[in-house]
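J.: Mind looking over this structure? Questions follow.
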Amino acid sequence: MDAESISSVMIPSLRTTRVISWSFAVVGGIAQTWAYRFYIEPDGVNYLDVASAYLRGDWHSAINGYWSPLYSWLLVIVAWVFRPTAYWESTFLHLLNFAFFLLALRSFEFFFRRLLFSIEARYPHTIGGAGVPEWACWILGYTAFLLAALRLITIGSDTPDMVLAVFVLVGAGLLIDIAQGKRDVLHFSLLGITLAAAYFTKSVMFPLSFVFLFAAVFARAGWKKPDPRVLAALAAFALVSGPWITVLSRAKGHLTFGETGKVAYLNEVKPYAGGPDGAVHKQQLLHPLRLLFNEPIVFEYAESLKATFPPWYDSSYWYEGAKIHFDWRQQIRTLTRGIGNYFRILSLEKEWIAGWLALGIFASDWRDFAKRFLSLWFVWFPSLVTLALYALVLVEPRYVGVAMLTLWMALFAALPWHRITPRLGVATVVAIALTTGMALVREVGPDLAAFLHPARHVQWMVAKQLKEIPLNSGDRVAVLGHTRVADYWAHLAEFRIVADVPLEAVHSYWMARPEKRSEILSSLSTLRVRAFITASIPELPTGWQPLGDTGYYVQIVSAASVREPTEPESRP
């Protein structure tokens, strides 16, 4: 029996397990997609900005050192094929995530089918027969996937993490194929192409790809006989990723595969006094933000990047000139914070820890477990390195969801199931699945309720109200305090934010003397700013007007509309 035939000859219970799991996935995925259809965070705005730059042929702005390219390329395809209006743009972004959620589920089946086959090939009678029923293994697997995808990664996120999950799971499945003897050049080449696609999705996968390649070298024959066919995987990886690295390096003026790691280190491990606007190291930066006023703080960046909000568009631009100096105290603090975040993530999934410990205790053979687990090192080693790498900088659930999924599956697969009675094994698996399933149903419930209560697209309403003032596409605006949705209204209306008062300085702005606020408005007018927009207002001061019932307010700074010629035409 080969790897594919395990699921091809499907007994009724296994088929039922798959149908129920896919049905729950589709319902939960659609509910989450619809509930978050109008929700966009800073990452999403910037990916949409990069996609817009590609669509208008602005290659200089599109080649970005911080945001990896694949997600924006996918958004370009969506925009070109479906032509969504401004109102539906965010919905199509989340529908893209939903499509990749389904692809990730199919990729998980690809990976998990091979993992089960590998276990049965190495340790016969572990699955099926006298061992744990295969349908119970699949219940465990599907439940783990839905937990990782719907709770840790989420479709509501406007990031490429779900896309990355597809490539990581396919890569893990190909590693198992290689370990099981499928060592032809085709399998190694497919691994290299998959890793290149993962790198295009998130730049952290460039160094992690070499961890996968290392696992491929020794997965089959062990440490003493490295497999030279891994060179085919390396060649495929270089051939696919090389052109982008060349283009990006030319744009940045030095060899680079992406600047995300450097920026993350400077932000999270050794902060530059609050980022590129910090005063302590500002003299080292080639493009520091210009401080218009110190009290209250007002920044401007009118002549910088062409984007909705330039400070968030390409952080590598603002950090050019910054030097990384290793500080072991700061690194230990960051590592401690990362480990704490892992504990917080695991604390929400106690049933998995309790279930695994119970099965391990009843198996009562930890030496056998250690032997089995080590034999699967090529499955869990890349995941373990991924988790360790994020612990050194920043741990967020969506970053580590797929790595935790593959590690969980390896831990459960390595249990000596033949020493556990099938009844106990099934009871434990079902208990884990029911507990996790009820938690997911509780979370999906409010999302399903969103179908009965139409949501207001507040960001689109703000953009529409501003266009009726009227402001025009390409106009310059300023922001008084940012919201969690990252000024998506400005992207929808195709405005450029060229100055802002940071959220932490909003109170100081309202407490400032009227003369000071007038001075700020005069400076903004000099920058050709048309309007000052905020969602943080204590009362309605003179000169401000509400934008309908959106909760946003606007103050007109200058009457003349000065259109920037490089900006695209208004949306239909």
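FYI, nothing fancy with the structure tokens labels: chains A, B, ... in order, residues from 1 per chain, ligands from 1 as they appear.
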As a PyMOL selection string, which residues of region 351-483 of chain A does DSSP assign to strand (DSSP E)?
T.: chain A and resi 476-480
J.: Mind writing the picked residues with N, CA, C and O atoms as a short mmCIF file (atom, residue, chain, number, x, y, z; two decimals), in the first residue's frame?
T.:
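Result written to part_26.cif:
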```cif
data_model
loop_
_atom_site.label_atom_id
_atom_site.label_comp_id
_atom_site.auth_asym_id
_atom_site.auth_seq_id
_atom_site.Cartn_x
_atom_site.Cartn_y
_atom_site.Cartn_z
N ARG A 476 -3.65 65.57 -0.76
CA ARG A 476 -2.87 65.32 0.46
C ARG A 476 -3.75 65.57 1.68
O ARG A 476 -4.49 66.55 1.73
N VAL A 477 -3.64 64.68 2.67
CA VAL A 477 -4.39 64.85 3.91
C VAL A 477 -3.46 64.57 5.08
O VAL A 477 -2.36 64.03 4.92
N ALA A 478 -3.91 64.95 6.26
CA ALA A 478 -3.17 64.67 7.50
C ALA A 478 -4.10 63.95 8.46
O ALA A 478 -5.33 64.06 8.35
N VAL A 479 -3.52 63.18 9.39
CA VAL A 479 -4.30 62.36 10.31
C VAL A 479 -3.97 62.74 11.74
O VAL A 479 -2.80 62.89 12.10
N LEU A 480 -5.02 62.88 12.52
CA LEU A 480 -4.86 63.14 13.95
C LEU A 480 -5.17 61.86 14.70
O LEU A 480 -6.32 61.54 15.00
#
```
J.: Could you give me, as JSON lines, a per-residue list for region 132-164 of chain A showing, wherever an atom lies at most 10 Å from an atom of region 34-52 of chain A, the closest pair of atoms and their distance in Å to one decimal, using only C-alpha atoms and sorting by chain then residue number from low to high?
T.:
```
{"residue": "A:Ile155", "atom": "CA", "partner": "A:Tyr36", "partner_atom": "CA", "distance": 8.2}
{"residue": "A:Gly156", "atom": "CA", "partner": "A:Tyr36", "partner_atom": "CA", "distance": 5.2}
{"residue": "A:Ser157", "atom": "CA", "partner": "A:Ile40", "partner_atom": "CA", "distance": 7.9}
{"residue": "A:Asp158", "atom": "CA", "partner": "A:Gly44", "partner_atom": "CA", "distance": 4.9}
{"residue": "A:Thr159", "atom": "CA", "partner": "A:Gly44", "partner_atom": "CA", "distance": 6.3}
{"residue": "A:Pro160", "atom": "CA", "partner": "A:Gly44", "partner_atom": "CA", "distance": 9.3}
```
J.: Please dump the current selection as an mmCIF file, in the first residue's frame; keep C-alpha atoms.
T.:
```cif
data_model
loop_
_atom_site.group_PDB
_atom_site.id
_atom_site.type_symbol
_atom_site.label_atom_id
_atom_site.label_comp_id
_atom_site.auth_asym_id
_atom_site.auth_seq_id
_atom_site.Cartn_x
_atom_site.Cartn_y
_atom_site.Cartn_z
ATOM 1 C CA ILE A 155 -9.041 34.084 7.720
ATOM 2 C CA GLY A 156 -9.976 37.460 9.189
ATOM 3 C CA SER A 157 -6.326 38.448 9.092
ATOM 4 C CA ASP A 158 -5.289 40.522 6.068
ATOM 5 C CA THR A 159 -1.824 38.924 5.883
ATOM 6 C CA PRO A 160 -0.264 36.127 3.779
#
```
J.: Quick one: everything within 8 Å of Ile178 (chain A), counting only C-alpha atoms, minus sequence neighbours fewer than 6 positions away in the same chain. Send it as a CSV table (one decimal) with N, CA, C and O atoms, in the first residue's frame.
T.:
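Result file is around.csv:
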```csv
chain,number,residue,atom,x,y,z
A,187,HIS,N,11.1,15.1,-7.2
A,187,HIS,CA,10.6,15.4,-5.9
A,187,HIS,C,11.5,16.5,-5.2
A,187,HIS,O,11.0,17.4,-4.6
A,188,PHE,N,12.8,16.4,-5.4
A,188,PHE,CA,13.7,17.4,-4.9
A,188,PHE,C,13.5,18.7,-5.6
A,188,PHE,O,13.5,19.8,-4.9
A,216,ALA,N,16.2,17.5,4.0
A,216,ALA,CA,16.1,16.7,2.8
A,216,ALA,C,17.4,15.9,2.6
A,216,ALA,O,17.4,14.8,2.1
A,219,ALA,N,17.3,13.0,5.3
A,219,ALA,CA,16.0,12.4,5.7
A,219,ALA,C,16.0,10.9,5.5
A,219,ALA,O,15.4,10.2,6.2
A,220,ARG,N,16.6,10.5,4.4
A,220,ARG,CA,16.4,9.1,4.0
A,220,ARG,C,17.5,8.2,4.6
A,220,ARG,O,17.2,7.2,5.3
```
J.: Once you count only C-alpha atoms, what closest atom pair and distance in Å to one decimal does each residue of region 245-355 of chain A within 9 Å of region 191-203 of chain A have, with rows by chain and rising residue number, as a tab-separated table?
T.:
```
residue	atom	partner	partner_atom	distance
A:Phe257	CA	A:Ser203	CA	7.1
A:Gly258	CA	A:Ser203	CA	6.0
A:Glu259	CA	A:Ser203	CA	8.2
A:Thr260	CA	A:Ser203	CA	6.9
A:Gly261	CA	A:Ser203	CA	8.0
```
J.: Hey, can you spit out that residue selection with N, CA, C and O atoms as a PDB file, in the first residue's frame?
T.:
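Listing of part.pdb after writing:
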```pdb
ATOM      1  N   PHE A 257      17.878  39.630   0.482  1.00  0.00           N
ATOM      2  CA  PHE A 257      16.720  38.813   0.146  1.00  0.00           C
ATOM      3  C   PHE A 257      15.460  39.391   0.774  1.00  0.00           C
ATOM      4  O   PHE A 257      14.367  38.861   0.606  1.00  0.00           O
ATOM      5  N   GLY A 258      15.603  40.530   1.474  1.00  0.00           N
ATOM      6  CA  GLY A 258      14.493  41.177   2.146  1.00  0.00           C
ATOM      7  C   GLY A 258      14.987  41.822   3.439  1.00  0.00           C
ATOM      8  O   GLY A 258      15.925  41.322   4.071  1.00  0.00           O
ATOM      9  N   GLU A 259      14.351  42.907   3.820  1.00  0.00           N
ATOM     10  CA  GLU A 259      14.801  43.664   4.988  1.00  0.00           C
ATOM     11  C   GLU A 259      13.917  43.445   6.208  1.00  0.00           C
ATOM     12  O   GLU A 259      14.090  44.108   7.231  1.00  0.00           O
ATOM     13  N   THR A 260      12.968  42.520   6.127  1.00  0.00           N
ATOM     14  CA  THR A 260      12.022  42.332   7.221  1.00  0.00           C
ATOM     15  C   THR A 260      12.713  41.948   8.512  1.00  0.00           C
ATOM     16  O   THR A 260      12.364  42.431   9.596  1.00  0.00           O
ATOM     17  N   GLY A 261      13.700  41.056   8.431  1.00  0.00           N
ATOM     18  CA  GLY A 261      14.399  40.603   9.632  1.00  0.00           C
ATOM     19  C   GLY A 261      15.111  41.733  10.340  1.00  0.00           C
ATOM     20  O   GLY A 261      15.037  41.849  11.572  1.00  0.00           O
TER      21      GLY A 261
END
```
J.: Find, counting only C-alpha atoms, the residue in A:Leu384, A:Leu524, A:Leu503, A:Val19 that gets nearest to Phe293 (chain A).
T.: A:Leu524
J.: Would you list the contacts of Trp59 (chain A) as JSON, numbers by chain, taking every protein, DNA or RNA residue within 12 Å and counting only C-alpha atoms, but skipping same-chain residues closer than 4 positions in sequence?
T.: {"A": [50, 51, 52, 53, 54, 55, 63, 64, 247, 248, 251, 306]}
J.: What are the closest atom pairs, with distances in Å to one decimal, for each residue of region 348-401 of chain A lying within 7 Å of region 333-336 of chain A, using only C-alpha atoms, rows by chain and rising residue number, as CSV?
T.:
```
residue,atom,partner,partner_atom,distance
A:Ala391,CA,A:Leu335,CA,5.5
A:Leu392,CA,A:Leu335,CA,5.1
A:Val393,CA,A:Thr334,CA,6.3
```
J.: Output N, CA and C atoms of each residue in that selection to a file, as a PDB file, in the first residue's frame.
T.:
```pdb
ATOM      1  N   ALA A 391      10.915  33.149  18.429  1.00  0.00           N
ATOM      2  CA  ALA A 391      11.103  33.461  19.850  1.00  0.00           C
ATOM      3  C   ALA A 391      12.203  34.491  20.058  1.00  0.00           C
ATOM      4  N   LEU A 392      13.160  34.540  19.136  1.00  0.00           N
ATOM      5  CA  LEU A 392      14.257  35.502  19.259  1.00  0.00           C
ATOM      6  C   LEU A 392      13.839  36.921  18.896  1.00  0.00           C
ATOM      7  N   VAL A 393      12.694  37.066  18.207  1.00  0.00           N
ATOM      8  CA  VAL A 393      12.271  38.399  17.751  1.00  0.00           C
ATOM      9  C   VAL A 393      10.849  38.711  18.212  1.00  0.00           C
TER      10      VAL A 393
END
```
J.: Mind checking which residues fall within 9 Å of Val298 (chain A), counting only C-alpha atoms, ignoring those fewer than 3 positions away in the same chain, and posting them as an mmCIF file with N, CA, C and O atoms, in the first residue's frame?
T.:
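Generated file (around10.cif):
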```
data_model
loop_
_atom_site.group_PDB
_atom_site.id
_atom_site.type_symbol
_atom_site.label_atom_id
_atom_site.label_comp_id
_atom_site.auth_asym_id
_atom_site.auth_seq_id
_atom_site.Cartn_x
_atom_site.Cartn_y
_atom_site.Cartn_z
ATOM 1 N N ARG A 290 10.521 63.782 9.317
ATOM 2 C CA ARG A 290 10.730 65.183 9.684
ATOM 3 C C ARG A 290 9.770 65.557 10.811
ATOM 4 O O ARG A 290 8.555 65.368 10.694
ATOM 5 N N LEU A 291 10.316 66.085 11.892
ATOM 6 C CA LEU A 291 9.516 66.498 13.037
ATOM 7 C C LEU A 291 9.098 67.952 12.842
ATOM 8 O O LEU A 291 9.910 68.867 12.961
ATOM 9 N N LEU A 292 7.820 68.159 12.537
ATOM 10 C CA LEU A 292 7.318 69.514 12.336
ATOM 11 C C LEU A 292 7.203 70.263 13.654
ATOM 12 O O LEU A 292 7.578 71.431 13.767
ATOM 13 N N PHE A 293 6.629 69.562 14.659
ATOM 14 C CA PHE A 293 6.453 70.152 15.978
ATOM 15 C C PHE A 293 6.789 69.100 17.029
ATOM 16 O O PHE A 293 6.560 67.907 16.828
ATOM 17 N N ASN A 294 7.322 69.575 18.128
ATOM 18 C CA ASN A 294 7.720 68.684 19.211
ATOM 19 C C ASN A 294 6.646 68.550 20.281
ATOM 20 O O ASN A 294 6.531 67.523 20.935
ATOM 21 N N GLU A 295 5.853 69.592 20.472
ATOM 22 C CA GLU A 295 4.803 69.563 21.506
ATOM 23 C C GLU A 295 3.601 70.351 21.021
ATOM 24 O O GLU A 295 3.621 71.586 21.033
ATOM 25 N N ALA A 499 1.194 63.801 6.653
ATOM 26 C CA ALA A 499 1.562 64.276 7.988
ATOM 27 C C ALA A 499 0.607 63.639 8.992
ATOM 28 O O ALA A 499 -0.518 63.268 8.650
ATOM 29 N N ASP A 500 1.068 63.497 10.230
ATOM 30 C CA ASP A 500 0.181 62.929 11.248
ATOM 31 C C ASP A 500 0.620 63.331 12.644
ATOM 32 O O ASP A 500 1.795 63.649 12.890
ATOM 33 N N VAL A 501 -0.358 63.325 13.525
ATOM 34 C CA VAL A 501 -0.119 63.422 14.962
ATOM 35 C C VAL A 501 -0.276 62.006 15.498
ATOM 36 O O VAL A 501 -1.356 61.421 15.387
ATOM 37 N N PRO A 502 0.785 61.394 16.049
ATOM 38 C CA PRO A 502 0.674 60.013 16.534
ATOM 39 C C PRO A 502 -0.427 59.877 17.581
ATOM 40 O O PRO A 502 -0.796 60.838 18.256
ATOM 41 N N ALA A 505 -0.022 61.245 20.979
ATOM 42 C CA ALA A 505 0.084 62.697 21.117
ATOM 43 C C ALA A 505 -1.243 63.409 20.894
ATOM 44 O O ALA A 505 -1.302 64.642 20.930
ATOM 45 N N ILE A 520 -0.017 74.844 13.642
ATOM 46 C CA ILE A 520 0.105 73.525 13.020
ATOM 47 C C ILE A 520 -0.665 73.489 11.707
ATOM 48 O O ILE A 520 -0.170 72.999 10.680
#
```
J.: Between A:Ala431, A:Ala535, A:Ala449, A:Leu95, single out the one closest to Ile139 (chain A), counting only C-alpha atoms.
T.: A:Ala431
J.: Record the distance separating CA of Leu103 (chain A) and CA of Ala215 (chain A), expressed in Å with one decimal.
T.: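 Taking CA of Leu103 (chain A) and CA of Ala215 (chain A), their separation equals 24.4 Å.
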J.: Taking only C-alpha atoms into account, name the residue in A:Ala104, A:Ile245, A:Leu527, A:Met205 that is nearest to Ile153 (chain A).
T.: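 Counting only C-alpha atoms, the residue closest to Ile153 (chain A) is A:Ala104.
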J.: Enter the distance from CA of Trp377 (chain A) to CA of Lys350 (chain A), in Å, rounded to one decimal.
T.: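 If I compute the distance from CA of Trp377 (chain A) to CA of Lys350 (chain A), I get 24.5 Å.
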J.: What lies within 7 Å of region 112-118 of chain A using only C-alpha atoms, ignoring chain neighbours under 4 positions off, as a short mmCIF file (atom, residue, chain, number, x, y, z; two decimals) with C-alpha atoms, in the first residue's frame?
T.:
```cif
data_model
loop_
_atom_site.label_atom_id
_atom_site.label_comp_id
_atom_site.auth_asym_id
_atom_site.auth_seq_id
_atom_site.Cartn_x
_atom_site.Cartn_y
_atom_site.Cartn_z
CA ALA A 3 1.00 6.81 0.51
CA PHE A 108 -2.69 19.37 5.27
CA ARG A 122 8.22 2.17 10.20
CA GLY A 173 4.79 16.36 2.87
CA ILE A 176 8.27 12.73 4.12
CA GLN A 180 10.25 7.23 2.36
#
```
J.: Can you list every residue of region 315-340 of chain A that has an atom at most 10 Å from region 65-71 of chain A, with its nearest atom pair and the distance in Å to one decimal, using only C-alpha atoms, ordered by chain then number, as JSON lines?
T.:
```
{"residue": "A:Ser315", "atom": "CA", "partner": "A:Tyr66", "partner_atom": "CA", "distance": 6.2}
{"residue": "A:Ser316", "atom": "CA", "partner": "A:Gly65", "partner_atom": "CA", "distance": 5.9}
{"residue": "A:Tyr317", "atom": "CA", "partner": "A:Gly65", "partner_atom": "CA", "distance": 7.7}
```
J.: Could the residues in this selection be saved with all heavy atoms as a compact mmCIF listing (two decimals), in the first residue's frame?
T.:
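Output file part21.txt is given in full below:
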```txt
# COMPACT_ATOMS: atom_id res chain seq x y z
N SER A 315 9.30 49.91 5.66
CA SER A 315 10.09 50.25 6.84
C SER A 315 11.59 50.22 6.55
O SER A 315 12.37 50.91 7.21
CB SER A 315 9.77 49.31 7.99
OG SER A 315 8.42 49.44 8.38
N SER A 316 12.01 49.41 5.58
CA SER A 316 13.44 49.34 5.27
C SER A 316 13.96 50.68 4.73
O SER A 316 15.12 51.02 4.92
CB SER A 316 13.70 48.23 4.25
OG SER A 316 13.07 48.50 3.01
N TYR A 317 13.09 51.44 4.08
CA TYR A 317 13.47 52.78 3.59
C TYR A 317 13.78 53.70 4.77
O TYR A 317 14.79 54.42 4.78
CB TYR A 317 12.35 53.35 2.73
CG TYR A 317 12.50 54.80 2.36
CD1 TYR A 317 13.27 55.18 1.26
CD2 TYR A 317 11.86 55.80 3.10
CE1 TYR A 317 13.40 56.51 0.91
CE2 TYR A 317 11.99 57.13 2.74
CZ TYR A 317 12.76 57.49 1.66
OH TYR A 317 12.89 58.82 1.33
```
